[in-house]
file final.pdb (PDB, C-alpha atoms)
ATOM      1  CA  MET A   1      28.658  21.060  25.253  1.00  0.00           C
ATOM      2  CA  PRO A   2      30.714  18.643  23.150  1.00  0.00           C
ATOM      3  CA  PHE A   3      27.627  17.270  21.432  1.00  0.00           C
ATOM      4  CA  LEU A   4      26.511  20.739  20.334  1.00  0.00           C
ATOM      5  CA  ASN A   5      29.955  21.538  18.978  1.00  0.00           C
ATOM      6  CA  PHE A   6      29.914  18.296  17.061  1.00  0.00           C
ATOM      7  CA  MET A   7      26.525  19.202  15.599  1.00  0.00           C
ATOM      8  CA  LYS A   8      27.812  22.661  14.658  1.00  0.00           C
ATOM      9  CA  GLN A   9      30.762  21.224  12.775  1.00  0.00           C
ATOM     10  CA  ARG A  10      28.656  18.569  11.186  1.00  0.00           C
ATOM     11  CA  TYR A  11      25.870  20.811   9.931  1.00  0.00           C
ATOM     12  CA  PHE A  12      27.490  24.220   9.367  1.00  0.00           C
ATOM     13  CA  VAL A  13      25.291  26.305  11.613  1.00  0.00           C
ATOM     14  CA  LYS A  14      24.473  29.582   9.963  1.00  0.00           C
ATOM     15  CA  LYS A  15      24.542  33.129  11.194  1.00  0.00           C
ATOM     16  CA  ILE A  16      21.064  34.568  10.969  1.00  0.00           C
ATOM     17  CA  ALA A  17      19.814  38.155  11.132  1.00  0.00           C
ATOM     18  CA  VAL A  18      16.119  38.744  11.780  1.00  0.00           C
ATOM     19  CA  ILE A  19      13.975  41.716  10.750  1.00  0.00           C
ATOM     20  CA  ILE A  20      10.732  42.290  12.642  1.00  0.00           C
ATOM     21  CA  THR A  21       8.034  44.521  11.141  1.00  0.00           C
ATOM     22  CA  THR A  22       4.990  43.721  13.290  1.00  0.00           C
ATOM     23  CA  PRO A  23       3.837  45.342  16.578  1.00  0.00           C
ATOM     24  CA  PRO A  24       3.997  43.624  20.015  1.00  0.00           C
ATOM     25  CA  PHE A  25       0.257  42.820  19.948  1.00  0.00           C
ATOM     26  CA  SER A  26       0.504  40.913  16.660  1.00  0.00           C
ATOM     27  CA  ASN A  27       0.615  37.149  16.636  1.00  0.00           C
ATOM     28  CA  LEU A  28       3.200  37.392  13.843  1.00  0.00           C
ATOM     29  CA  THR A  29       5.595  38.781  16.457  1.00  0.00           C
ATOM     30  CA  VAL A  30       4.933  35.686  18.581  1.00  0.00           C
ATOM     31  CA  THR A  31       5.853  33.517  15.580  1.00  0.00           C
ATOM     32  CA  ALA A  32       9.087  35.472  15.213  1.00  0.00           C
ATOM     33  CA  LEU A  33       9.890  35.094  18.926  1.00  0.00           C
ATOM     34  CA  ASN A  34       9.303  31.342  18.779  1.00  0.00           C
ATOM     35  CA  TYR A  35      11.528  31.110  15.702  1.00  0.00           C
ATOM     36  CA  ILE A  36      14.333  33.056  17.363  1.00  0.00           C
ATOM     37  CA  GLU A  37      14.130  31.128  20.641  1.00  0.00           C
ATOM     38  CA  THR A  38      14.192  27.781  18.862  1.00  0.00           C
ATOM     39  CA  ALA A  39      17.187  28.871  16.781  1.00  0.00           C
ATOM     40  CA  LEU A  40      19.098  30.040  19.873  1.00  0.00           C
ATOM     41  CA  ASN A  41      18.226  26.853  21.794  1.00  0.00           C
ATOM     42  CA  THR A  42      19.564  24.798  18.894  1.00  0.00           C
ATOM     43  CA  GLY A  43      22.846  26.709  18.900  1.00  0.00           C
ATOM     44  CA  VAL A  44      22.196  28.765  15.772  1.00  0.00           C
ATOM     45  CA  GLU A  45      23.777  32.198  15.986  1.00  0.00           C
ATOM     46  CA  ILE A  46      21.361  35.112  15.731  1.00  0.00           C
ATOM     47  CA  ILE A  47      23.675  38.054  15.085  1.00  0.00           C
ATOM     48  CA  GLY A  48      20.951  40.617  15.625  1.00  0.00           C
ATOM     49  CA  VAL A  49      17.293  41.519  15.432  1.00  0.00           C
ATOM     50  CA  PHE A  50      16.309  44.696  13.579  1.00  0.00           C
ATOM     51  CA  PHE A  51      12.976  46.361  14.398  1.00  0.00           C
ATOM     52  CA  TYR A  52      11.416  48.302  11.524  1.00  0.00           C
ATOM     53  CA  GLN A  53       8.012  49.837  10.769  1.00  0.00           C
ATOM     54  CA  ASP A  54       5.416  49.080  13.531  1.00  0.00           C
ATOM     55  CA  ALA A  55       7.835  46.622  15.157  1.00  0.00           C
ATOM     56  CA  VAL A  56       9.603  49.515  16.905  1.00  0.00           C
ATOM     57  CA  LEU A  57       6.669  49.526  19.340  1.00  0.00           C
ATOM     58  CA  ASN A  58       8.121  46.303  20.769  1.00  0.00           C
ATOM     59  CA  ALA A  59      10.735  48.526  22.413  1.00  0.00           C
ATOM     60  CA  SER A  60       8.250  50.719  24.254  1.00  0.00           C
ATOM     61  CA  SER A  61       8.516  50.393  28.021  1.00  0.00           C
ATOM     62  CA  HIS A  62       4.904  51.570  28.327  1.00  0.00           C
ATOM     63  CA  ILE A  63       3.202  48.726  26.465  1.00  0.00           C
ATOM     64  CA  ARG A  64       0.719  46.900  28.699  1.00  0.00           C
ATOM     65  CA  LEU A  65      -0.766  43.755  27.199  1.00  0.00           C
ATOM     66  CA  ALA A  66      -3.735  42.015  28.862  1.00  0.00           C
ATOM     67  CA  ASN A  67      -2.581  39.433  31.414  1.00  0.00           C
ATOM     68  CA  ASP A  68      -4.060  36.524  29.516  1.00  0.00           C
ATOM     69  CA  GLU A  69      -2.203  37.473  26.313  1.00  0.00           C
ATOM     70  CA  TYR A  70       1.263  36.403  25.241  1.00  0.00           C
ATOM     71  CA  GLN A  71       3.744  38.851  26.778  1.00  0.00           C
ATOM     72  CA  THR A  72       5.892  39.686  23.756  1.00  0.00           C
ATOM     73  CA  THR A  73       7.756  42.562  25.422  1.00  0.00           C
ATOM     74  CA  GLN A  74       8.822  40.360  28.341  1.00  0.00           C
ATOM     75  CA  GLN A  75       9.911  37.641  25.946  1.00  0.00           C
ATOM     76  CA  TRP A  76      12.230  40.063  24.087  1.00  0.00           C
ATOM     77  CA  LEU A  77      13.767  41.020  27.423  1.00  0.00           C
ATOM     78  CA  LYS A  78      14.188  37.364  28.377  1.00  0.00           C
ATOM     79  CA  LEU A  79      15.931  36.476  25.103  1.00  0.00           C
ATOM     80  CA  HIS A  80      18.134  39.567  25.340  1.00  0.00           C
ATOM     81  CA  ASN A  81      19.242  38.725  28.900  1.00  0.00           C
ATOM     82  CA  LYS A  82      19.653  34.999  28.384  1.00  0.00           C
ATOM     83  CA  TYR A  83      21.487  35.062  25.049  1.00  0.00           C
ATOM     84  CA  GLN A  84      22.841  38.658  24.871  1.00  0.00           C
ATOM     85  CA  LEU A  85      20.647  38.963  21.783  1.00  0.00           C
ATOM     86  CA  PRO A  86      21.249  42.379  20.131  1.00  0.00           C
ATOM     87  CA  LEU A  87      17.964  44.234  19.570  1.00  0.00           C
ATOM     88  CA  HIS A  88      18.296  47.152  17.139  1.00  0.00           C
ATOM     89  CA  LEU A  89      15.666  49.824  16.768  1.00  0.00           C
ATOM     90  CA  CYS A  90      15.290  51.910  13.601  1.00  0.00           C
ATOM     91  CA  VAL A  91      15.460  55.456  14.990  1.00  0.00           C
ATOM     92  CA  THR A  92      13.381  57.076  12.224  1.00  0.00           C
ATOM     93  CA  ALA A  93      10.561  54.543  12.583  1.00  0.00           C
ATOM     94  CA  ALA A  94      10.728  54.877  16.388  1.00  0.00           C
ATOM     95  CA  GLU A  95      10.536  58.686  16.453  1.00  0.00           C
ATOM     96  CA  LYS A  96       7.584  58.545  14.078  1.00  0.00           C
ATOM     97  CA  ARG A  97       5.766  56.474  16.703  1.00  0.00           C
ATOM     98  CA  GLY A  98       6.596  58.590  19.729  1.00  0.00           C
ATOM     99  CA  LEU A  99       9.627  56.639  20.899  1.00  0.00           C
ATOM    100  CA  THR A 100      12.578  58.910  21.545  1.00  0.00           C
ATOM    101  CA  ASP A 101      15.600  58.852  23.767  1.00  0.00           C
ATOM    102  CA  CYS A 102      14.065  61.195  26.323  1.00  0.00           C
ATOM    103  CA  ASN A 103      15.996  62.238  29.444  1.00  0.00           C
ATOM    104  CA  SER A 104      13.080  62.715  31.835  1.00  0.00           C
ATOM    105  CA  VAL A 105      10.915  59.666  31.067  1.00  0.00           C
ATOM    106  CA  GLN A 106      12.196  56.301  29.972  1.00  0.00           C
ATOM    107  CA  LEU A 107      10.282  55.436  26.818  1.00  0.00           C
ATOM    108  CA  ILE A 108      12.543  52.790  25.308  1.00  0.00           C
ATOM    109  CA  ALA A 109      13.356  49.565  27.181  1.00  0.00           C
ATOM    110  CA  ASN A 110      17.041  49.200  28.136  1.00  0.00           C
ATOM    111  CA  SER A 111      17.419  45.955  26.221  1.00  0.00           C
ATOM    112  CA  PHE A 112      17.035  47.829  22.909  1.00  0.00           C
ATOM    113  CA  THR A 113      19.761  49.738  21.084  1.00  0.00           C
ATOM    114  CA  ILE A 114      18.833  52.765  19.009  1.00  0.00           C
ATOM    115  CA  SER A 115      20.256  52.228  15.526  1.00  0.00           C
ATOM    116  CA  GLY A 116      19.622  53.327  11.986  1.00  0.00           C
ATOM    117  CA  LEU A 117      19.174  51.601   8.661  1.00  0.00           C
ATOM    118  CA  GLY A 118      22.979  51.487   8.335  1.00  0.00           C
ATOM    119  CA  GLU A 119      22.841  48.755  10.974  1.00  0.00           C
ATOM    120  CA  LEU A 120      20.574  46.761   8.658  1.00  0.00           C
ATOM    121  CA  VAL A 121      23.212  47.007   5.912  1.00  0.00           C
ATOM    122  CA  GLU A 122      25.787  45.626   8.325  1.00  0.00           C
ATOM    123  CA  LEU A 123      23.519  42.820   9.570  1.00  0.00           C
ATOM    124  CA  ASN A 124      22.739  41.849   5.983  1.00  0.00           C
ATOM    125  CA  ASN A 125      26.439  41.617   5.177  1.00  0.00           C
ATOM    126  CA  LYS A 126      27.423  39.682   8.281  1.00  0.00           C
ATOM    127  CA  ALA A 127      24.572  37.163   8.185  1.00  0.00           C
ATOM    128  CA  ASP A 128      24.406  34.094   5.988  1.00  0.00           C
ATOM    129  CA  THR A 129      20.640  34.385   5.976  1.00  0.00           C
ATOM    130  CA  VAL A 130      18.266  37.272   6.664  1.00  0.00           C
ATOM    131  CA  VAL A 131      14.750  36.367   7.778  1.00  0.00           C
ATOM    132  CA  GLN A 132      11.930  38.913   7.746  1.00  0.00           C
ATOM    133  CA  PHE A 133       8.785  38.676   9.849  1.00  0.00           C
TER
ATOM    134  CA  MET B   1      33.042  49.950   9.484  1.00  0.00           C
ATOM    135  CA  ILE B   2      30.890  48.196   6.910  1.00  0.00           C
ATOM    136  CA  ASN B   3      32.239  44.959   5.635  1.00  0.00           C
ATOM    137  CA  ILE B   4      31.810  45.182   1.861  1.00  0.00           C
ATOM    138  CA  ALA B   5      30.936  41.557   1.294  1.00  0.00           C
ATOM    139  CA  ASN B   6      28.197  42.944  -0.930  1.00  0.00           C
ATOM    140  CA  LYS B   7      25.397  40.488  -0.861  1.00  0.00           C
ATOM    141  CA  SER B   8      22.603  41.168  -3.294  1.00  0.00           C
ATOM    142  CA  LEU B   9      19.361  42.507  -1.856  1.00  0.00           C
ATOM    143  CA  ALA B  10      15.950  42.298  -3.510  1.00  0.00           C
ATOM    144  CA  ILE B  11      13.160  44.524  -2.260  1.00  0.00           C
ATOM    145  CA  LEU B  12       9.729  43.238  -3.225  1.00  0.00           C
ATOM    146  CA  ASN B  13       7.019  45.898  -3.301  1.00  0.00           C
ATOM    147  CA  SER B  14       3.449  44.646  -3.294  1.00  0.00           C
ATOM    148  CA  LYS B  15       1.418  47.510  -1.865  1.00  0.00           C
ATOM    149  CA  ALA B  16      -0.218  50.531  -3.512  1.00  0.00           C
ATOM    150  CA  PRO B  17       1.619  53.815  -2.850  1.00  0.00           C
ATOM    151  CA  TYR B  18      -0.705  55.863  -0.625  1.00  0.00           C
ATOM    152  CA  GLY B  19      -2.738  53.593   1.662  1.00  0.00           C
ATOM    153  CA  THR B  20       0.221  52.577   3.818  1.00  0.00           C
ATOM    154  CA  THR B  21       3.798  53.769   4.304  1.00  0.00           C
ATOM    155  CA  ALA B  22       5.145  50.435   3.053  1.00  0.00           C
ATOM    156  CA  GLY B  23       6.408  51.909  -0.234  1.00  0.00           C
ATOM    157  CA  LYS B  24       8.233  54.740   1.547  1.00  0.00           C
ATOM    158  CA  ASP B  25       9.733  52.334   4.109  1.00  0.00           C
ATOM    159  CA  ALA B  26      10.989  50.110   1.277  1.00  0.00           C
ATOM    160  CA  LEU B  27      12.390  53.150  -0.551  1.00  0.00           C
ATOM    161  CA  ASP B  28      14.344  54.237   2.549  1.00  0.00           C
ATOM    162  CA  ILE B  29      15.985  50.818   2.733  1.00  0.00           C
ATOM    163  CA  ALA B  30      16.805  50.887  -0.993  1.00  0.00           C
ATOM    164  CA  LEU B  31      18.473  54.308  -0.732  1.00  0.00           C
ATOM    165  CA  ILE B  32      20.516  53.373   2.352  1.00  0.00           C
ATOM    166  CA  PHE B  33      21.770  50.175   0.732  1.00  0.00           C
ATOM    167  CA  GLY B  34      22.475  52.152  -2.441  1.00  0.00           C
ATOM    168  CA  SER B  35      24.479  54.773  -0.560  1.00  0.00           C
ATOM    169  CA  PHE B  36      26.562  52.010   1.059  1.00  0.00           C
ATOM    170  CA  GLU B  37      27.282  50.738  -2.474  1.00  0.00           C
ATOM    171  CA  GLN B  38      25.350  47.541  -1.915  1.00  0.00           C
ATOM    172  CA  ASP B  39      23.793  45.583  -4.734  1.00  0.00           C
ATOM    173  CA  VAL B  40      20.042  46.406  -4.622  1.00  0.00           C
ATOM    174  CA  SER B  41      17.250  45.430  -6.990  1.00  0.00           C
ATOM    175  CA  LEU B  42      13.657  46.577  -6.786  1.00  0.00           C
ATOM    176  CA  PHE B  43      10.722  44.348  -7.655  1.00  0.00           C
ATOM    177  CA  PHE B  44       7.115  45.430  -8.113  1.00  0.00           C
ATOM    178  CA  GLN B  45       4.200  43.047  -8.170  1.00  0.00           C
ATOM    179  CA  GLY B  46       0.517  43.009  -7.216  1.00  0.00           C
ATOM    180  CA  ASP B  47      -0.720  46.460  -6.168  1.00  0.00           C
ATOM    181  CA  GLY B  48       2.956  47.437  -5.867  1.00  0.00           C
ATOM    182  CA  VAL B  49       3.001  48.144  -9.617  1.00  0.00           C
ATOM    183  CA  TRP B  50       0.960  51.299  -8.947  1.00  0.00           C
ATOM    184  CA  GLN B  51       4.113  52.831  -7.459  1.00  0.00           C
ATOM    185  CA  LEU B  52       5.634  52.962 -10.947  1.00  0.00           C
ATOM    186  CA  ILE B  53       2.689  54.397 -12.866  1.00  0.00           C
ATOM    187  CA  ASN B  54       3.156  57.848 -14.366  1.00  0.00           C
ATOM    188  CA  SER B  55       1.240  61.091 -13.681  1.00  0.00           C
ATOM    189  CA  GLN B  56       0.425  60.604 -10.020  1.00  0.00           C
ATOM    190  CA  ASP B  57       0.581  63.317  -7.415  1.00  0.00           C
ATOM    191  CA  GLY B  58       0.277  62.288  -3.778  1.00  0.00           C
ATOM    192  CA  GLU B  59       0.299  65.936  -2.715  1.00  0.00           C
ATOM    193  CA  ILE B  60      -3.330  66.230  -3.862  1.00  0.00           C
ATOM    194  CA  ILE B  61      -4.309  63.885  -1.030  1.00  0.00           C
ATOM    195  CA  SER B  62      -1.688  65.357   1.345  1.00  0.00           C
ATOM    196  CA  VAL B  63       0.815  62.529   1.011  1.00  0.00           C
ATOM    197  CA  ARG B  64       4.413  63.610   0.619  1.00  0.00           C
ATOM    198  CA  ASP B  65       5.157  62.411  -2.905  1.00  0.00           C
ATOM    199  CA  TYR B  66       7.937  59.917  -2.241  1.00  0.00           C
ATOM    200  CA  LEU B  67       7.533  58.504  -5.750  1.00  0.00           C
ATOM    201  CA  LYS B  68       9.424  61.556  -7.056  1.00  0.00           C
ATOM    202  CA  THR B  69      12.509  60.224  -5.267  1.00  0.00           C
ATOM    203  CA  PHE B  70      12.502  57.203  -7.621  1.00  0.00           C
ATOM    204  CA  SER B  71      14.137  59.454 -10.203  1.00  0.00           C
ATOM    205  CA  ALA B  72      17.224  59.578  -7.924  1.00  0.00           C
ATOM    206  CA  PHE B  73      17.864  55.842  -8.277  1.00  0.00           C
ATOM    207  CA  GLU B  74      20.594  56.376 -10.866  1.00  0.00           C
ATOM    208  CA  PHE B  75      22.596  58.467  -8.385  1.00  0.00           C
ATOM    209  CA  TYR B  76      22.459  55.557  -5.937  1.00  0.00           C
ATOM    210  CA  ASP B  77      23.445  53.054  -8.649  1.00  0.00           C
ATOM    211  CA  ILE B  78      20.099  51.307  -8.357  1.00  0.00           C
ATOM    212  CA  GLU B  79      19.674  50.102 -11.900  1.00  0.00           C
ATOM    213  CA  ASN B  80      17.718  46.880 -11.576  1.00  0.00           C
ATOM    214  CA  ILE B  81      14.026  47.656 -11.445  1.00  0.00           C
ATOM    215  CA  TYR B  82      11.653  44.875 -12.362  1.00  0.00           C
ATOM    216  CA  VAL B  83       7.901  44.824 -12.727  1.00  0.00           C
ATOM    217  CA  ASN B  84       5.619  41.825 -13.036  1.00  0.00           C
ATOM    218  CA  LYS B  85       3.822  41.875 -16.411  1.00  0.00           C
ATOM    219  CA  THR B  86       0.895  39.785 -15.139  1.00  0.00           C
ATOM    220  CA  SER B  87       0.235  42.302 -12.333  1.00  0.00           C
ATOM    221  CA  LEU B  88       0.146  45.130 -14.908  1.00  0.00           C
ATOM    222  CA  THR B  89      -2.229  43.206 -17.185  1.00  0.00           C
ATOM    223  CA  GLU B  90      -4.543  42.299 -14.300  1.00  0.00           C
ATOM    224  CA  ARG B  91      -4.908  46.017 -13.523  1.00  0.00           C
ATOM    225  CA  ASN B  92      -5.275  47.021 -17.163  1.00  0.00           C
ATOM    226  CA  LEU B  93      -2.103  49.138 -16.908  1.00  0.00           C
ATOM    227  CA  THR B  94       0.353  49.882 -19.690  1.00  0.00           C
ATOM    228  CA  ASN B  95       4.120  50.391 -19.513  1.00  0.00           C
ATOM    229  CA  ASN B  96       3.617  54.069 -18.763  1.00  0.00           C
ATOM    230  CA  PHE B  97       6.139  54.467 -15.940  1.00  0.00           C
ATOM    231  CA  HIS B  98       7.448  57.625 -14.284  1.00  0.00           C
ATOM    232  CA  ILE B  99      11.052  56.388 -14.341  1.00  0.00           C
ATOM    233  CA  LYS B 100      13.184  54.910 -17.096  1.00  0.00           C
ATOM    234  CA  GLU B 101      14.958  51.577 -16.996  1.00  0.00           C
ATOM    235  CA  VAL B 102      12.009  49.598 -15.706  1.00  0.00           C
ATOM    236  CA  GLN B 103      12.143  46.046 -16.999  1.00  0.00           C
ATOM    237  CA  VAL B 104       8.826  44.296 -17.535  1.00  0.00           C
ATOM    238  CA  LEU B 105       9.192  40.579 -16.840  1.00  0.00           C
ATOM    239  CA  SER B 106       6.881  37.609 -17.212  1.00  0.00           C
ATOM    240  CA  GLN B 107       5.812  35.769 -14.079  1.00  0.00           C
ATOM    241  CA  SER B 108       8.516  33.114 -14.472  1.00  0.00           C
ATOM    242  CA  GLU B 109      11.305  35.571 -15.364  1.00  0.00           C
ATOM    243  CA  PHE B 110      10.254  37.726 -12.431  1.00  0.00           C
ATOM    244  CA  SER B 111      10.427  34.921  -9.883  1.00  0.00           C
ATOM    245  CA  LYS B 112      13.689  33.633 -11.367  1.00  0.00           C
ATOM    246  CA  LYS B 113      15.272  37.084 -10.997  1.00  0.00           C
ATOM    247  CA  LEU B 114      13.886  37.484  -7.470  1.00  0.00           C
ATOM    248  CA  THR B 115      15.243  34.191  -6.197  1.00  0.00           C
ATOM    249  CA  SER B 116      18.688  34.912  -7.656  1.00  0.00           C
ATOM    250  CA  HIS B 117      19.195  37.405  -4.794  1.00  0.00           C
ATOM    251  CA  GLN B 118      20.668  36.362  -1.453  1.00  0.00           C
ATOM    252  CA  THR B 119      18.298  38.474   0.639  1.00  0.00           C
ATOM    253  CA  VAL B 120      14.666  39.271  -0.122  1.00  0.00           C
ATOM    254  CA  LEU B 121      12.705  41.837   1.871  1.00  0.00           C
ATOM    255  CA  ARG B 122       9.017  42.363   1.100  1.00  0.00           C
ATOM    256  CA  PHE B 123       6.914  45.425   1.759  1.00  0.00           C
TER
END

call {"tool": "encode", "arguments": {"input": "final.pdb", "output": "structure tokens"}}
result
Amino acid sequence: MPFLNFMKQRYFVKKIAVIITTPPFSNLTVTALNYIETALNTGVEIIGVFFYQDAVLNASSHIRLANDEYQTTQQWLKLHNKYQLPLHLCVTAAEKRGLTDCNSVQLIANSFTISGLGELVELNNKADTVVQF
Amino acid sequence: MINIANKSLAILNSKAPYGTTAGKDALDIALIFGSFEQDVSLFFQGDGVWQLINSQDGEIISVRDYLKTFSAFEFYDIENIYVNKTSLTERNLTNNFHIKEVQVLSQSEFSKKLTSHQTVLRF
């Protein structure tokens, strides 16, 4: 990828952290996913995605969206697998919405890491830019 | 563990206190950043200004009164609290706030202050 490296040096590619606040059935989440995918395809580094408020529902392994709708949950999984994109879940917001690290039933998709707001502090410090959706 | 680069964070509150949990969610972020000794400023505009108005009691309508926690800001070194004067005027509200050290700013001063921060989160 010599061309990409050249572009990186030429236009100082930033480190970006993303905060998602909307649920998987919101079109605003689709906008965020498109933004993140475009950034990653262009070689921009996304150091992490933090899920807060209703966005924690994106991590639920029991979400079933109608077949003819945009499959946000699958798209998160795809981006996580393809780019090792870190997906952080706010534990307090998750527990409030019935998502806990339960032993018997898997409620939270494997691609998500359970974190706290301290992770947001760290993401904010490491990133050049923080983008909220 | 935390790299103390200390970027400045602005939290913009634009929702009334009891209809949604937005105000509480914003407060939680402010307190965490405060406890990690990060530079946090709070901004209130639109219906968000209601969060600062004195003599409210959420308990009457069974909402845990998170506004009381605002009085703990000084212990978290959160000293920059700004409110949009136009938003107050539009709602016929006076500077009768339940915490001290609230700075009332004009529309232009408010936006100037807001954009001087490296990160802006809105709730």

call {"tool": "resolve_selection", "arguments": {"input": "final.pdb", "expression": "the PyMOL selection byres ((chain B) within 10 of (chain A))", "output": "short mmCIF file (atom, residue, chain, number, x, y, z; two decimals) with C-alpha atoms, in the frame of the given file"}}
result
data_model
loop_
_atom_site.label_atom_id
_atom_site.label_comp_id
_atom_site.auth_asym_id
_atom_site.auth_seq_id
_atom_site.Cartn_x
_atom_site.Cartn_y
_atom_site.Cartn_z
CA MET B 1 33.04 49.95 9.48
CA ILE B 2 30.89 48.20 6.91
CA ASN B 3 32.24 44.96 5.64
CA ILE B 4 31.81 45.18 1.86
CA ALA B 5 30.94 41.56 1.29
CA ASN B 6 28.20 42.94 -0.93
CA LYS B 7 25.40 40.49 -0.86
CA SER B 8 22.60 41.17 -3.29
CA LEU B 9 19.36 42.51 -1.86
CA THR B 21 3.80 53.77 4.30
CA ALA B 22 5.14 50.44 3.05
CA ASP B 25 9.73 52.33 4.11
CA ALA B 26 10.99 50.11 1.28
CA ASP B 28 14.34 54.24 2.55
CA ILE B 29 15.98 50.82 2.73
CA ALA B 30 16.80 50.89 -0.99
CA LEU B 31 18.47 54.31 -0.73
CA ILE B 32 20.52 53.37 2.35
CA PHE B 33 21.77 50.18 0.73
CA GLY B 34 22.48 52.15 -2.44
CA SER B 35 24.48 54.77 -0.56
CA PHE B 36 26.56 52.01 1.06
CA GLN B 38 25.35 47.54 -1.92
CA GLN B 118 20.67 36.36 -1.45
CA THR B 119 18.30 38.47 0.64
CA VAL B 120 14.67 39.27 -0.12
CA LEU B 121 12.70 41.84 1.87
CA ARG B 122 9.02 42.36 1.10
CA PHE B 123 6.91 45.42 1.76
#

call {"tool": "residues_around", "arguments": {"input": "final.pdb", "residues": "Ala16 (chain B)", "least_positions_apart": "6", "cutoff": "10 Å", "atoms": "all atoms listed in the file", "output": "MDAnalysis selection string"}}
result
chainID B and resid 22:23 45:52

call {"tool": "residues_around", "arguments": {"input": "final.pdb", "residues": "Thr22 (chain A)", "least_positions_apart": "2", "cutoff": "10 Å", "atoms": "only C-alpha atoms", "output": "list in words"}}
result
Ile19, Ile20, Pro24, Phe25, Ser26, Asn27, Leu28, Thr29, Val30, Ala32, Phe51, Tyr52, Gln53, Asp54, Ala55, Val56, Leu57, Asn58 and Phe133 of chain A

call {"tool": "atom_distance", "arguments": {"input": "final.pdb", "atom1": "CA of Ser116 (chain B)", "atom2": "CA of Ile81 (chain B)"}}
result
14.1 Å

call {"tool": "atom_distance", "arguments": {"input": "final.pdb", "atom1": "CA of Ser115 (chain A)", "atom2": "CA of Cys90 (chain A)"}}
result
5.3 Å

call {"tool": "atom_distance", "arguments": {"input": "final.pdb", "atom1": "CA of Lys24 (chain B)", "atom2": "CA of Asp101 (chain A)"}}
result
23.8 Å

call {"tool": "resolve_selection", "arguments": {"input": "final.pdb", "expression": "the PyMOL selection byres ((chain B and resi 68) around 12)", "output": "PyMOL selection string"}}
result
chain B and resi 17+24+27+51-59+63-67+69-73+97-99

call {"tool": "closest_residue", "arguments": {"input": "final.pdb", "among": "A:Leu107, A:Ile63, A:Val44, A:Val49", "to": "Leu85 (chain A)", "atoms": "all atoms listed in the file"}}
result
A:Val49

call {"tool": "resolve_selection", "arguments": {"input": "final.pdb", "expression": "the PyMOL selection byres ((chain A and resi 77) around 10)", "output": "PyMOL selection string"}}
result
chain A and resi 59+72-76+78-82+84-85+87+109-112

call {"tool": "closest_residue", "arguments": {"input": "final.pdb", "among": "A:Ile114, A:Ile36, A:Ile108, A:Ile47", "to": "Thr92 (chain A)", "atoms": "all atoms listed in the file"}}
result
A:Ile114

call {"tool": "closest_residue", "arguments": {"input": "final.pdb", "among": "A:Asn67, A:Thr31, A:Lys14, A:Ser60", "to": "Ile46 (chain A)", "atoms": "all atoms listed in the file"}}
result
A:Lys14

call {"tool": "axis_aligned_box", "arguments": {"input": "final.pdb", "around": "region 51-60 of chain B", "padding_each_side": "4 Å", "output": "lines of an AutoDock Vina configuration file"}}
result
center_x = 1.2
center_y = 59.5
center_z = -8.5
size_x = 17.0
size_y = 21.4
size_z = 19.7

call {"tool": "closest_residue", "arguments": {"input": "final.pdb", "among": "A:Lys96, A:His62, A:His88, A:Lys15", "to": "Glu45 (chain A)", "atoms": "all atoms listed in the file"}}
result
A:Lys15

call {"tool": "build_atoms", "arguments": {"input": "final.pdb", "residues": "region 80-90 of chain B", "atoms": "N, CA and C atoms", "output": "tab-separated table (two decimals), in the frame of the given file"}}
result
chain	number	residue	atom	x	y	z
B	80	ASN	N	18.57	48.03	-11.28
B	80	ASN	CA	17.72	46.88	-11.58
B	80	ASN	C	16.33	47.07	-11.00
B	81	ILE	N	15.40	47.43	-11.87
B	81	ILE	CA	14.03	47.66	-11.44
B	81	ILE	C	13.12	46.78	-12.30
B	82	TYR	N	12.45	45.86	-11.64
B	82	TYR	CA	11.65	44.88	-12.36
B	82	TYR	C	10.19	44.98	-11.98
B	83	VAL	N	9.34	44.81	-12.99
B	83	VAL	CA	7.90	44.82	-12.73
B	83	VAL	C	7.27	43.57	-13.33
B	84	ASN	N	6.30	43.05	-12.62
B	84	ASN	CA	5.62	41.82	-13.04
B	84	ASN	C	4.55	42.15	-14.09
B	85	LYS	N	4.72	41.59	-15.29
B	85	LYS	CA	3.82	41.88	-16.41
B	85	LYS	C	2.38	41.44	-16.10
B	86	THR	N	2.23	40.30	-15.47
B	86	THR	CA	0.90	39.78	-15.14
B	86	THR	C	0.15	40.77	-14.24
B	87	SER	N	0.87	41.34	-13.25
B	87	SER	CA	0.24	42.30	-12.33
B	87	SER	C	-0.24	43.54	-13.09
B	88	LEU	N	0.55	43.97	-14.10
B	88	LEU	CA	0.15	45.13	-14.91
B	88	LEU	C	-1.11	44.79	-15.69
B	89	THR	N	-1.11	43.63	-16.35
B	89	THR	CA	-2.23	43.21	-17.18
B	89	THR	C	-3.51	43.08	-16.36
B	90	GLU	N	-3.38	42.48	-15.18
B	90	GLU	CA	-4.54	42.30	-14.30
B	90	GLU	C	-5.20	43.62	-13.94
